[in-house]
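A.B. asks: Okay, so here is my_file03.txt, and as you'll see once you scroll down, it has compact mmCIF, N, CA and C atoms.
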# COMPACT_ATOMS: atom_id res chain seq x y z
N MET A 1 44.17 67.55 27.86
CA MET A 1 43.29 68.04 26.81
C MET A 1 43.29 69.56 26.87
N SER A 2 43.50 70.19 25.71
CA SER A 2 43.56 71.65 25.66
C SER A 2 42.16 72.27 25.78
N PHE A 3 42.16 73.58 25.98
CA PHE A 3 40.88 74.29 26.10
C PHE A 3 40.07 74.12 24.82
N GLN A 4 40.73 74.21 23.65
CA GLN A 4 40.01 74.10 22.38
C GLN A 4 39.40 72.70 22.23
N GLU A 5 40.13 71.67 22.64
CA GLU A 5 39.59 70.32 22.55
C GLU A 5 38.37 70.15 23.45
N LYS A 6 38.45 70.67 24.63
CA LYS A 6 37.32 70.59 25.56
C LYS A 6 36.12 71.35 25.01
N ARG A 7 36.39 72.50 24.41
CA ARG A 7 35.32 73.29 23.81
C ARG A 7 34.67 72.53 22.65
N MET A 8 35.49 71.82 21.88
CA MET A 8 34.96 71.03 20.76
C MET A 8 34.11 69.86 21.27
N VAL A 9 34.51 69.24 22.37
CA VAL A 9 33.73 68.14 22.95
C VAL A 9 32.35 68.67 23.39
N ILE A 10 32.34 69.83 24.04
CA ILE A 10 31.07 70.44 24.45
C ILE A 10 30.21 70.76 23.23
N SER A 11 30.83 71.28 22.18
CA SER A 11 30.09 71.59 20.96
C SER A 11 29.55 70.32 20.31
N PHE A 12 30.33 69.26 20.33
CA PHE A 12 29.89 67.98 19.77
C PHE A 12 28.67 67.45 20.52
N VAL A 13 28.75 67.50 21.84
CA VAL A 13 27.63 67.01 22.66
C VAL A 13 26.37 67.84 22.41
N SER A 14 26.51 69.17 22.36
CA SER A 14 25.33 70.01 22.15
C SER A 14 24.75 69.80 20.76
N THR A 15 25.60 69.65 19.75
CA THR A 15 25.11 69.41 18.39
C THR A 15 24.41 68.07 18.30
N LEU A 16 25.01 67.05 18.88
CA LEU A 16 24.40 65.72 18.87
C LEU A 16 23.06 65.73 19.61
N LEU A 17 23.00 66.44 20.72
CA LEU A 17 21.76 66.54 21.49
C LEU A 17 20.66 67.23 20.69
N VAL A 18 20.98 68.35 20.09
CA VAL A 18 19.98 69.11 19.34
C VAL A 18 19.46 68.32 18.14
N PHE A 19 20.36 67.72 17.37
CA PHE A 19 19.90 66.98 16.20
C PHE A 19 19.19 65.69 16.58
N SER A 20 19.53 65.09 17.71
CA SER A 20 18.80 63.91 18.18
C SER A 20 17.38 64.27 18.58
N ILE A 21 17.24 65.38 19.30
CA ILE A 21 15.91 65.84 19.69
C ILE A 21 15.09 66.18 18.45
N TYR A 22 15.70 66.87 17.48
CA TYR A 22 15.02 67.21 16.24
C TYR A 22 14.54 65.95 15.53
N GLY A 23 15.43 64.96 15.40
CA GLY A 23 15.07 63.72 14.72
C GLY A 23 13.94 63.00 15.42
N ALA A 24 13.99 62.97 16.75
CA ALA A 24 12.93 62.29 17.51
C ALA A 24 11.60 63.01 17.35
N VAL A 25 11.61 64.32 17.38
CA VAL A 25 10.37 65.10 17.24
C VAL A 25 9.80 64.93 15.83
N ILE A 26 10.64 65.01 14.82
CA ILE A 26 10.17 64.86 13.44
C ILE A 26 9.62 63.45 13.22
N PHE A 27 10.30 62.45 13.76
CA PHE A 27 9.82 61.07 13.63
C PHE A 27 8.46 60.90 14.31
N GLN A 28 8.32 61.47 15.50
CA GLN A 28 7.05 61.38 16.22
C GLN A 28 5.94 62.11 15.47
N MET A 29 6.26 63.28 14.92
CA MET A 29 5.26 64.02 14.15
C MET A 29 4.83 63.23 12.92
N HIS A 30 5.79 62.57 12.29
CA HIS A 30 5.47 61.75 11.12
C HIS A 30 4.59 60.57 11.51
N GLN A 31 4.88 59.95 12.65
CA GLN A 31 4.09 58.81 13.12
C GLN A 31 2.64 59.22 13.40
N HIS A 32 2.45 60.45 13.86
CA HIS A 32 1.10 60.94 14.17
C HIS A 32 0.41 61.56 12.96
N GLY A 33 1.04 61.52 11.79
CA GLY A 33 0.42 62.02 10.57
C GLY A 33 0.38 63.53 10.44
N ARG A 34 1.24 64.22 11.15
CA ARG A 34 1.22 65.69 11.10
C ARG A 34 1.72 66.23 9.77
N PHE A 35 2.44 65.42 9.00
CA PHE A 35 2.97 65.87 7.71
C PHE A 35 2.11 65.43 6.53
N ASP A 36 0.90 64.98 6.81
CA ASP A 36 0.03 64.51 5.74
C ASP A 36 -0.76 65.63 5.09
N GLY A 37 -0.92 66.76 5.74
CA GLY A 37 -1.74 67.84 5.22
C GLY A 37 -1.00 68.74 4.24
N ALA A 38 -1.73 69.75 3.79
CA ALA A 38 -1.19 70.69 2.82
C ALA A 38 -0.12 71.60 3.44
N ASP A 39 -0.14 71.75 4.75
CA ASP A 39 0.81 72.64 5.41
C ASP A 39 2.06 71.90 5.92
N ALA A 40 2.36 70.76 5.33
CA ALA A 40 3.49 69.92 5.80
C ALA A 40 4.82 70.65 5.66
N THR A 41 5.06 71.30 4.53
CA THR A 41 6.34 71.98 4.35
C THR A 41 6.46 73.20 5.27
N SER A 42 5.35 73.86 5.53
CA SER A 42 5.36 74.99 6.47
C SER A 42 5.69 74.51 7.88
N LEU A 43 5.10 73.40 8.26
CA LEU A 43 5.36 72.81 9.57
C LEU A 43 6.83 72.39 9.69
N LEU A 44 7.36 71.79 8.64
CA LEU A 44 8.77 71.39 8.64
C LEU A 44 9.67 72.62 8.69
N GLY A 45 9.30 73.67 7.98
CA GLY A 45 10.08 74.91 8.02
C GLY A 45 10.15 75.48 9.42
N ARG A 46 9.04 75.47 10.13
CA ARG A 46 9.05 75.94 11.52
C ARG A 46 9.93 75.06 12.39
N ALA A 47 9.87 73.75 12.17
CA ALA A 47 10.70 72.82 12.95
C ALA A 47 12.18 73.07 12.69
N ILE A 48 12.54 73.34 11.45
CA ILE A 48 13.94 73.62 11.11
C ILE A 48 14.39 74.94 11.73
N LEU A 49 13.53 75.95 11.71
CA LEU A 49 13.89 77.22 12.36
C LEU A 49 14.09 77.04 13.86
N ILE A 50 13.23 76.25 14.48
CA ILE A 50 13.39 75.97 15.91
C ILE A 50 14.70 75.21 16.15
N LEU A 51 15.03 74.29 15.25
CA LEU A 51 16.29 73.55 15.35
C LEU A 51 17.48 74.51 15.31
N ILE A 52 17.48 75.43 14.38
CA ILE A 52 18.59 76.37 14.24
C ILE A 52 18.72 77.25 15.48
N VAL A 53 17.61 77.82 15.91
CA VAL A 53 17.64 78.69 17.10
C VAL A 53 18.05 77.89 18.34
N GLY A 54 17.49 76.70 18.48
CA GLY A 54 17.82 75.85 19.62
C GLY A 54 19.29 75.47 19.65
N ALA A 55 19.84 75.16 18.48
CA ALA A 55 21.25 74.79 18.41
C ALA A 55 22.14 75.96 18.81
N ILE A 56 21.81 77.14 18.34
CA ILE A 56 22.60 78.33 18.68
C ILE A 56 22.53 78.62 20.17
N ILE A 57 21.33 78.62 20.71
CA ILE A 57 21.16 78.93 22.14
C ILE A 57 21.85 77.89 23.02
N LEU A 58 21.65 76.61 22.69
CA LEU A 58 22.27 75.56 23.51
C LEU A 58 23.79 75.60 23.42
N ASN A 59 24.31 75.84 22.23
CA ASN A 59 25.76 75.91 22.07
C ASN A 59 26.35 77.08 22.85
N ILE A 60 25.71 78.23 22.79
CA ILE A 60 26.19 79.40 23.54
C ILE A 60 26.10 79.15 25.03
N ALA A 61 24.97 78.62 25.49
CA ALA A 61 24.79 78.37 26.93
C ALA A 61 25.81 77.37 27.45
N LEU A 62 26.00 76.28 26.73
CA LEU A 62 26.97 75.28 27.19
C LEU A 62 28.40 75.81 27.14
N THR A 63 28.72 76.63 26.16
CA THR A 63 30.06 77.22 26.08
C THR A 63 30.30 78.15 27.25
N ILE A 64 29.32 78.96 27.60
CA ILE A 64 29.46 79.87 28.74
C ILE A 64 29.60 79.08 30.04
N ILE A 65 28.75 78.09 30.22
CA ILE A 65 28.82 77.26 31.43
C ILE A 65 30.18 76.56 31.51
N PHE A 66 30.63 76.01 30.38
CA PHE A 66 31.91 75.34 30.33
C PHE A 66 33.05 76.29 30.69
N SER A 67 33.02 77.50 30.15
CA SER A 67 34.07 78.49 30.44
C SER A 67 34.09 78.85 31.92
N ILE A 68 32.93 79.00 32.51
CA ILE A 68 32.85 79.33 33.95
C ILE A 68 33.39 78.18 34.79
N VAL A 69 32.97 76.96 34.46
CA VAL A 69 33.43 75.80 35.21
C VAL A 69 34.94 75.64 35.07
N MET A 70 35.47 75.82 33.87
CA MET A 70 36.91 75.70 33.66
C MET A 70 37.68 76.78 34.42
N ALA A 71 37.15 78.00 34.45
CA ALA A 71 37.82 79.07 35.18
C ALA A 71 37.85 78.78 36.68
N ILE A 72 36.75 78.23 37.20
CA ILE A 72 36.70 77.88 38.62
C ILE A 72 37.63 76.70 38.92
N ALA A 73 37.59 75.69 38.05
CA ALA A 73 38.41 74.49 38.28
C ALA A 73 39.90 74.78 38.19
N GLN A 74 40.28 75.65 37.27
CA GLN A 74 41.70 75.97 37.11
C GLN A 74 42.15 77.14 37.96
N ARG A 75 41.21 77.77 38.63
CA ARG A 75 41.47 78.90 39.53
C ARG A 75 42.26 80.02 38.86
N GLU A 76 41.88 80.29 37.62
CA GLU A 76 42.52 81.38 36.89
C GLU A 76 41.61 82.60 36.94
N SER A 77 42.19 83.72 37.32
CA SER A 77 41.39 84.93 37.38
C SER A 77 41.20 85.55 35.99
N ASP A 78 42.17 85.31 35.10
CA ASP A 78 42.09 85.86 33.75
C ASP A 78 42.53 84.80 32.75
N PRO A 79 41.63 83.87 32.38
CA PRO A 79 42.02 82.81 31.45
C PRO A 79 42.30 83.37 30.07
N SER A 80 43.21 82.74 29.37
CA SER A 80 43.60 83.18 28.04
C SER A 80 42.78 82.43 26.99
N PHE A 81 42.12 83.19 26.14
CA PHE A 81 41.35 82.60 25.05
C PHE A 81 41.99 82.96 23.71
N VAL A 82 43.30 83.08 23.69
CA VAL A 82 44.03 83.48 22.50
C VAL A 82 43.94 82.37 21.46
N VAL A 83 43.63 82.77 20.24
CA VAL A 83 43.58 81.84 19.13
C VAL A 83 44.78 82.14 18.25
N ASP A 84 45.68 81.16 18.12
CA ASP A 84 46.88 81.40 17.33
C ASP A 84 46.71 80.88 15.91
N GLU A 85 47.80 80.95 15.14
CA GLU A 85 47.76 80.54 13.74
C GLU A 85 47.45 79.05 13.59
N ARG A 86 47.95 78.24 14.50
CA ARG A 86 47.68 76.80 14.47
C ARG A 86 46.18 76.53 14.64
N ASP A 87 45.55 77.23 15.57
CA ASP A 87 44.11 77.06 15.79
C ASP A 87 43.32 77.45 14.55
N ARG A 88 43.73 78.54 13.91
CA ARG A 88 43.03 78.96 12.69
C ARG A 88 43.20 77.94 11.57
N HIS A 89 44.41 77.40 11.44
CA HIS A 89 44.68 76.41 10.41
C HIS A 89 43.85 75.14 10.65
N ILE A 90 43.79 74.69 11.88
CA ILE A 90 42.99 73.51 12.22
C ILE A 90 41.52 73.76 11.91
N GLU A 91 41.03 74.93 12.27
CA GLU A 91 39.63 75.27 12.00
C GLU A 91 39.34 75.31 10.51
N LEU A 92 40.25 75.87 9.73
CA LEU A 92 40.05 75.94 8.28
C LEU A 92 40.06 74.56 7.63
N ARG A 93 40.96 73.70 8.05
CA ARG A 93 41.02 72.34 7.49
C ARG A 93 39.75 71.57 7.84
N ALA A 94 39.30 71.68 9.08
CA ALA A 94 38.09 70.98 9.50
C ALA A 94 36.87 71.52 8.77
N THR A 95 36.82 72.83 8.56
CA THR A 95 35.71 73.44 7.83
C THR A 95 35.68 72.96 6.39
N ALA A 96 36.85 72.85 5.77
CA ALA A 96 36.90 72.35 4.39
C ALA A 96 36.37 70.93 4.30
N ILE A 97 36.71 70.10 5.28
CA ILE A 97 36.20 68.72 5.30
C ILE A 97 34.69 68.72 5.47
N SER A 98 34.18 69.57 6.37
CA SER A 98 32.74 69.60 6.59
C SER A 98 31.98 70.11 5.36
N TYR A 99 32.58 71.05 4.61
CA TYR A 99 31.94 71.51 3.38
C TYR A 99 31.82 70.37 2.38
N TYR A 100 32.84 69.54 2.31
CA TYR A 100 32.79 68.39 1.41
C TYR A 100 31.67 67.44 1.83
N VAL A 101 31.57 67.17 3.12
CA VAL A 101 30.52 66.26 3.62
C VAL A 101 29.14 66.85 3.35
N PHE A 102 28.96 68.15 3.64
CA PHE A 102 27.66 68.77 3.40
C PHE A 102 27.35 68.80 1.91
N GLY A 103 28.33 69.13 1.09
CA GLY A 103 28.12 69.16 -0.36
C GLY A 103 27.69 67.82 -0.91
N THR A 104 28.29 66.76 -0.39
CA THR A 104 27.91 65.41 -0.80
C THR A 104 26.46 65.10 -0.39
N GLY A 105 26.12 65.44 0.85
CA GLY A 105 24.76 65.21 1.32
C GLY A 105 23.73 66.03 0.56
N PHE A 106 24.08 67.27 0.26
CA PHE A 106 23.18 68.14 -0.49
C PHE A 106 22.98 67.59 -1.90
N THR A 107 24.07 67.16 -2.53
CA THR A 107 23.97 66.60 -3.88
C THR A 107 23.10 65.35 -3.88
N LEU A 108 23.29 64.48 -2.90
CA LEU A 108 22.46 63.28 -2.80
C LEU A 108 20.98 63.63 -2.59
N SER A 109 20.73 64.68 -1.83
CA SER A 109 19.34 65.09 -1.62
C SER A 109 18.73 65.64 -2.92
N MET A 110 19.51 66.32 -3.73
CA MET A 110 19.00 66.80 -5.01
C MET A 110 18.76 65.65 -5.97
N VAL A 111 19.61 64.63 -5.92
CA VAL A 111 19.37 63.43 -6.72
C VAL A 111 18.07 62.77 -6.29
N ALA A 112 17.85 62.69 -4.98
CA ALA A 112 16.61 62.10 -4.46
C ALA A 112 15.40 62.91 -4.94
N LEU A 113 15.51 64.22 -4.94
CA LEU A 113 14.42 65.07 -5.41
C LEU A 113 14.18 64.84 -6.90
N ALA A 114 15.26 64.73 -7.67
CA ALA A 114 15.13 64.49 -9.11
C ALA A 114 14.51 63.12 -9.40
N LEU A 115 14.71 62.18 -8.48
CA LEU A 115 14.13 60.85 -8.67
C LEU A 115 12.71 60.74 -8.13
N GLY A 116 12.15 61.87 -7.68
CA GLY A 116 10.74 61.89 -7.30
C GLY A 116 10.44 61.74 -5.82
N GLN A 117 11.45 61.83 -4.97
CA GLN A 117 11.20 61.76 -3.53
C GLN A 117 10.45 63.02 -3.09
N PRO A 118 9.60 62.91 -2.07
CA PRO A 118 8.86 64.07 -1.58
C PRO A 118 9.80 65.14 -1.03
N ALA A 119 9.41 66.39 -1.23
CA ALA A 119 10.23 67.51 -0.76
C ALA A 119 10.44 67.46 0.74
N LEU A 120 9.49 66.94 1.46
CA LEU A 120 9.59 66.83 2.91
C LEU A 120 10.82 66.01 3.31
N TRP A 121 11.03 64.89 2.63
CA TRP A 121 12.18 64.05 2.95
C TRP A 121 13.48 64.64 2.44
N VAL A 122 13.40 65.37 1.35
CA VAL A 122 14.61 66.03 0.83
C VAL A 122 15.08 67.10 1.81
N PHE A 123 14.15 67.86 2.37
CA PHE A 123 14.53 68.84 3.38
C PHE A 123 15.19 68.16 4.59
N ASN A 124 14.64 67.04 4.99
CA ASN A 124 15.22 66.31 6.12
C ASN A 124 16.59 65.75 5.76
N MET A 125 16.80 65.36 4.52
CA MET A 125 18.11 64.91 4.10
C MET A 125 19.13 66.05 4.15
N ILE A 126 18.69 67.23 3.77
CA ILE A 126 19.57 68.40 3.83
C ILE A 126 19.92 68.72 5.28
N VAL A 127 18.92 68.69 6.15
CA VAL A 127 19.17 68.94 7.58
C VAL A 127 20.11 67.88 8.14
N ALA A 128 19.89 66.63 7.78
CA ALA A 128 20.76 65.55 8.26
C ALA A 128 22.18 65.72 7.75
N SER A 129 22.34 66.13 6.50
CA SER A 129 23.69 66.33 5.98
C SER A 129 24.36 67.51 6.67
N PHE A 130 23.60 68.52 7.03
CA PHE A 130 24.15 69.64 7.79
C PHE A 130 24.61 69.17 9.17
N GLY A 131 23.79 68.36 9.83
CA GLY A 131 24.15 67.84 11.15
C GLY A 131 25.38 66.96 11.10
N VAL A 132 25.43 66.06 10.12
CA VAL A 132 26.59 65.17 9.98
C VAL A 132 27.84 65.99 9.66
N ALA A 133 27.72 66.99 8.79
CA ALA A 133 28.86 67.82 8.46
C ALA A 133 29.38 68.58 9.67
N THR A 134 28.48 69.06 10.51
CA THR A 134 28.89 69.76 11.73
C THR A 134 29.63 68.82 12.67
N LEU A 135 29.09 67.62 12.84
CA LEU A 135 29.74 66.64 13.72
C LEU A 135 31.10 66.23 13.16
N VAL A 136 31.19 66.05 11.85
CA VAL A 136 32.47 65.69 11.22
C VAL A 136 33.49 66.82 11.40
N GLU A 137 33.03 68.06 11.27
CA GLU A 137 33.94 69.20 11.47
C GLU A 137 34.50 69.21 12.89
N ILE A 138 33.66 68.97 13.86
CA ILE A 138 34.11 68.96 15.25
C ILE A 138 35.08 67.81 15.49
N LEU A 139 34.74 66.63 14.98
CA LEU A 139 35.63 65.48 15.14
C LEU A 139 36.96 65.69 14.44
N ALA A 140 36.93 66.35 13.29
CA ALA A 140 38.18 66.66 12.57
C ALA A 140 39.04 67.62 13.40
N GLN A 141 38.42 68.62 14.01
CA GLN A 141 39.19 69.54 14.85
C GLN A 141 39.81 68.81 16.03
N ILE A 142 39.04 67.95 16.68
CA ILE A 142 39.58 67.18 17.81
C ILE A 142 40.74 66.30 17.32
N TYR A 143 40.56 65.66 16.17
CA TYR A 143 41.62 64.82 15.60
C TYR A 143 42.89 65.64 15.33
N PHE A 144 42.72 66.81 14.71
CA PHE A 144 43.89 67.63 14.40
C PHE A 144 44.59 68.14 15.65
N TYR A 145 43.83 68.47 16.68
CA TYR A 145 44.45 68.89 17.95
C TYR A 145 45.19 67.72 18.58
N ARG A 146 44.61 66.53 18.54
CA ARG A 146 45.24 65.35 19.12
C ARG A 146 46.50 64.97 18.35
N ARG A 147 46.42 65.11 17.06
CA ARG A 147 47.53 64.73 16.19
C ARG A 147 48.71 65.68 16.36
N GLY A 148 48.43 66.85 16.89
CA GLY A 148 49.49 67.83 17.06
C GLY A 148 49.77 68.60 15.78
N PHE A 149 48.73 68.89 15.07
CA PHE A 149 48.83 69.53 13.75
C PHE A 149 49.39 70.91 13.89
Is it possible to give me this structure as structure tokens?

C.D. replies:
Amino acid sequence: MSFQEKRMVISFVSTLLVFSIYGAVIFQMHQHGRFDGADATSLLGRAILILIVGAIILNIALTIIFSIVMAIAQRESDPSFVVDERDRHIELRATAISYYVFGTGFTLSMVALALGQPALWVFNMIVASFGVATLVEILAQIYFYRRGF
């Protein structure tokens, strides 16, 4: 498994962890009636901001830890993190796929809003489509690396 594939696996795990925690917290808050008041959208906005910051911090921390562990395991004093044209092409193809997935989720959430669904659930649909698109992008990159693209 190449360095990029291993990095994508770490990113997949961190993304899955962050969105799972977010989903569990939002579900628990909903069960306790925290979204019943007038400040429901404000509360959800804060939760989404925490999700974004948490995802960034966790992804950076795990990437740094992974890089250190890989450097120690491979006993390289100066590991190469060179990104070549193939890596860029794989990243662009995976990003295009994730944009399609997110666009579909966003469109479905707007249809739900037009059909009268509460804004609270539409925001969660948008967050879910963002999470799924991120996971699909990572899986696409792993697939393209495995395929030898």

A.B. asks: Using DSSP on the backbone, list every residue of chain A that comes out as helix (DSSP H, G or I), and give them as a ChimeraX atom specification.

C.D. replies: /A:3-31,40-74,85-114,119-147

A.B. asks: In Å to one decimal, how far is atom C of Val53 in chain A from atom C of Asp39 in chain A?

C.D. replies: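 The value is 21.1 Å.
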
A.B. asks: Which residues of range 23-109 of chain A sit at most 6.5 Å from range 116-134 of chain A, using all atoms listed in the file? Give each one's shortest atom pair and distance in Å (one decimal place), in chain and ascending residue order, as CSV.

C.D. replies:
residue,atom,partner,partner_atom,distance
A:Thr41,CA,A:Leu120,CA,6.3
A:Ser98,CA,A:Ala133,CA,4.7
A:Tyr99,N,A:Ala133,CA,6.3
A:Val101,C,A:Ala133,CA,5.2
A:Phe102,CA,A:Ser129,C,4.8
A:Gly105,CA,A:Ser129,CA,4.9
A:Phe106,CA,A:Ile126,CA,5.6
A:Ser109,CA,A:Val122,CA,5.4

A.B. asks: Can you tell me how far CA of Met70 in chain A sits from atom N of Arg146 in chain A, in Å to one decimal?

C.D. replies: 19.3 Å

A.B. asks: Could you check how far atom N of Met110 in chain A sits from atom N of Gly45 in chain A, in Å to one decimal?

C.D. replies: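 Interatomic distance here is 17.2 Å.
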
A.B. asks: Residues near range 21-26 of chain A, anyone? I mean within 10 Å using only C-alpha atoms, not counting same-chain ones fewer than 3 positions away, as JSON, numbers by chain.

C.D. replies: {"A": [15, 16, 17, 18, 29, 30, 31, 32, 34, 35, 44, 47, 48, 50, 51, 54, 124, 127, 128]}

A.B. asks: Quick one: write out the picked residues with N, CA and C atoms as a tab-separated table (two decimals), in the frame of the given file?

C.D. replies:
chain	number	residue	atom	x	y	z
A	15	THR	N	25.60	69.65	19.75
A	15	THR	CA	25.11	69.41	18.39
A	15	THR	C	24.41	68.07	18.30
A	16	LEU	N	25.01	67.05	18.88
A	16	LEU	CA	24.40	65.72	18.87
A	16	LEU	C	23.06	65.73	19.61
A	17	LEU	N	23.00	66.44	20.72
A	17	LEU	CA	21.76	66.54	21.49
A	17	LEU	C	20.66	67.23	20.69
A	18	VAL	N	20.98	68.35	20.09
A	18	VAL	CA	19.98	69.11	19.34
A	18	VAL	C	19.46	68.32	18.14
A	29	MET	N	6.26	63.28	14.92
A	29	MET	CA	5.26	64.02	14.15
A	29	MET	C	4.83	63.23	12.92
A	30	HIS	N	5.79	62.57	12.29
A	30	HIS	CA	5.47	61.75	11.12
A	30	HIS	C	4.59	60.57	11.51
A	31	GLN	N	4.88	59.95	12.65
A	31	GLN	CA	4.09	58.81	13.12
A	31	GLN	C	2.64	59.22	13.40
A	32	HIS	N	2.45	60.45	13.86
A	32	HIS	CA	1.10	60.94	14.17
A	32	HIS	C	0.41	61.56	12.96
A	34	ARG	N	1.24	64.22	11.15
A	34	ARG	CA	1.22	65.69	11.10
A	34	ARG	C	1.72	66.23	9.77
A	35	PHE	N	2.44	65.42	9.00
A	35	PHE	CA	2.97	65.87	7.71
A	35	PHE	C	2.11	65.43	6.53
A	44	LEU	N	7.36	71.79	8.64
A	44	LEU	CA	8.77	71.39	8.64
A	44	LEU	C	9.67	72.62	8.69
A	47	ALA	N	9.87	73.75	12.17
A	47	ALA	CA	10.70	72.82	12.95
A	47	ALA	C	12.18	73.07	12.69
A	48	ILE	N	12.54	73.34	11.45
A	48	ILE	CA	13.94	73.62	11.11
A	48	ILE	C	14.39	74.94	11.73
A	50	ILE	N	13.23	76.25	14.48
A	50	ILE	CA	13.39	75.97	15.91
A	50	ILE	C	14.70	75.21	16.15
A	51	LEU	N	15.03	74.29	15.25
A	51	LEU	CA	16.29	73.55	15.35
A	51	LEU	C	17.48	74.51	15.31
A	54	GLY	N	17.49	76.70	18.48
A	54	GLY	CA	17.82	75.85	19.62
A	54	GLY	C	19.29	75.47	19.65
A	124	ASN	N	14.64	67.04	4.99
A	124	ASN	CA	15.22	66.31	6.12
A	124	ASN	C	16.59	65.75	5.76
A	127	VAL	N	18.92	68.69	6.15
A	127	VAL	CA	19.17	68.94	7.58
A	127	VAL	C	20.11	67.88	8.14
A	128	ALA	N	19.89	66.63	7.78
A	128	ALA	CA	20.76	65.55	8.26
A	128	ALA	C	22.18	65.72	7.75

A.B. asks: Using only C-alpha atoms, find the one residue out of A:Leu43, A:Leu49, A:Met8, A:Ala38 that sits nearest to Leu62 in chain A.

C.D. replies: A:Met8

A.B. asks: Of the residues A:Val9, A:Ile60, A:Ala55, A:Ile68, which is the one nearest to Leu139 in chain A, using all atoms listed in the file?

C.D. replies: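 Smallest separation from Leu139 in chain A among the options: A:Val9.
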
A.B. asks: Can I get a file of range 119-130 of chain A from the given structure, N, CA, C and O atoms kept, as a PDB file, in the first residue's frame?

C.D. replies:
ATOM      1  N   ALA A 119     -36.461  23.211   8.268  1.00  0.00           N
ATOM      2  CA  ALA A 119     -35.103  23.639   7.912  1.00  0.00           C
ATOM      3  C   ALA A 119     -34.053  22.879   8.709  1.00  0.00           C
ATOM      4  O   ALA A 119     -32.954  22.617   8.203  1.00  0.00           O
ATOM      5  N   LEU A 120     -34.380  22.500   9.913  1.00  0.00           N
ATOM      6  CA  LEU A 120     -33.454  21.749  10.757  1.00  0.00           C
ATOM      7  C   LEU A 120     -33.032  20.451  10.084  1.00  0.00           C
ATOM      8  O   LEU A 120     -31.847  20.098  10.056  1.00  0.00           O
ATOM      9  N   TRP A 121     -33.987  19.735   9.508  1.00  0.00           N
ATOM     10  CA  TRP A 121     -33.668  18.472   8.849  1.00  0.00           C
ATOM     11  C   TRP A 121     -32.990  18.695   7.504  1.00  0.00           C
ATOM     12  O   TRP A 121     -32.170  17.879   7.077  1.00  0.00           O
ATOM     13  N   VAL A 122     -33.319  19.793   6.858  1.00  0.00           N
ATOM     14  CA  VAL A 122     -32.661  20.102   5.583  1.00  0.00           C
ATOM     15  C   VAL A 122     -31.179  20.390   5.823  1.00  0.00           C
ATOM     16  O   VAL A 122     -30.325  19.916   5.069  1.00  0.00           O
ATOM     17  N   PHE A 123     -30.870  21.126   6.881  1.00  0.00           N
ATOM     18  CA  PHE A 123     -29.462  21.366   7.214  1.00  0.00           C
ATOM     19  C   PHE A 123     -28.734  20.049   7.487  1.00  0.00           C
ATOM     20  O   PHE A 123     -27.607  19.851   7.057  1.00  0.00           O
ATOM     21  N   ASN A 124     -29.394  19.154   8.194  1.00  0.00           N
ATOM     22  CA  ASN A 124     -28.782  17.855   8.471  1.00  0.00           C
ATOM     23  C   ASN A 124     -28.617  17.031   7.201  1.00  0.00           C
ATOM     24  O   ASN A 124     -27.654  16.274   7.072  1.00  0.00           O
ATOM     25  N   MET A 125     -29.531  17.161   6.265  1.00  0.00           N
ATOM     26  CA  MET A 125     -29.379  16.478   4.986  1.00  0.00           C
ATOM     27  C   MET A 125     -28.175  17.017   4.218  1.00  0.00           C
ATOM     28  O   MET A 125     -27.438  16.258   3.590  1.00  0.00           O
ATOM     29  N   ILE A 126     -27.980  18.320   4.289  1.00  0.00           N
ATOM     30  CA  ILE A 126     -26.827  18.928   3.620  1.00  0.00           C
ATOM     31  C   ILE A 126     -25.534  18.445   4.270  1.00  0.00           C
ATOM     32  O   ILE A 126     -24.569  18.092   3.583  1.00  0.00           O
ATOM     33  N   VAL A 127     -25.502  18.420   5.594  1.00  0.00           N
ATOM     34  CA  VAL A 127     -24.315  17.927   6.311  1.00  0.00           C
ATOM     35  C   VAL A 127     -24.064  16.464   5.967  1.00  0.00           C
ATOM     36  O   VAL A 127     -22.924  16.054   5.711  1.00  0.00           O
ATOM     37  N   ALA A 128     -25.125  15.669   5.928  1.00  0.00           N
ATOM     38  CA  ALA A 128     -24.975  14.251   5.588  1.00  0.00           C
ATOM     39  C   ALA A 128     -24.464  14.078   4.168  1.00  0.00           C
ATOM     40  O   ALA A 128     -23.600  13.226   3.911  1.00  0.00           O
ATOM     41  N   SER A 129     -24.960  14.886   3.242  1.00  0.00           N
ATOM     42  CA  SER A 129     -24.486  14.765   1.863  1.00  0.00           C
ATOM     43  C   SER A 129     -23.026  15.193   1.757  1.00  0.00           C
ATOM     44  O   SER A 129     -22.259  14.615   0.973  1.00  0.00           O
ATOM     45  N   PHE A 130     -22.620  16.161   2.556  1.00  0.00           N
ATOM     46  CA  PHE A 130     -21.213  16.552   2.585  1.00  0.00           C
ATOM     47  C   PHE A 130     -20.351  15.408   3.124  1.00  0.00           C
ATOM     48  O   PHE A 130     -19.300  15.095   2.566  1.00  0.00           O
TER      49      PHE A 130
END
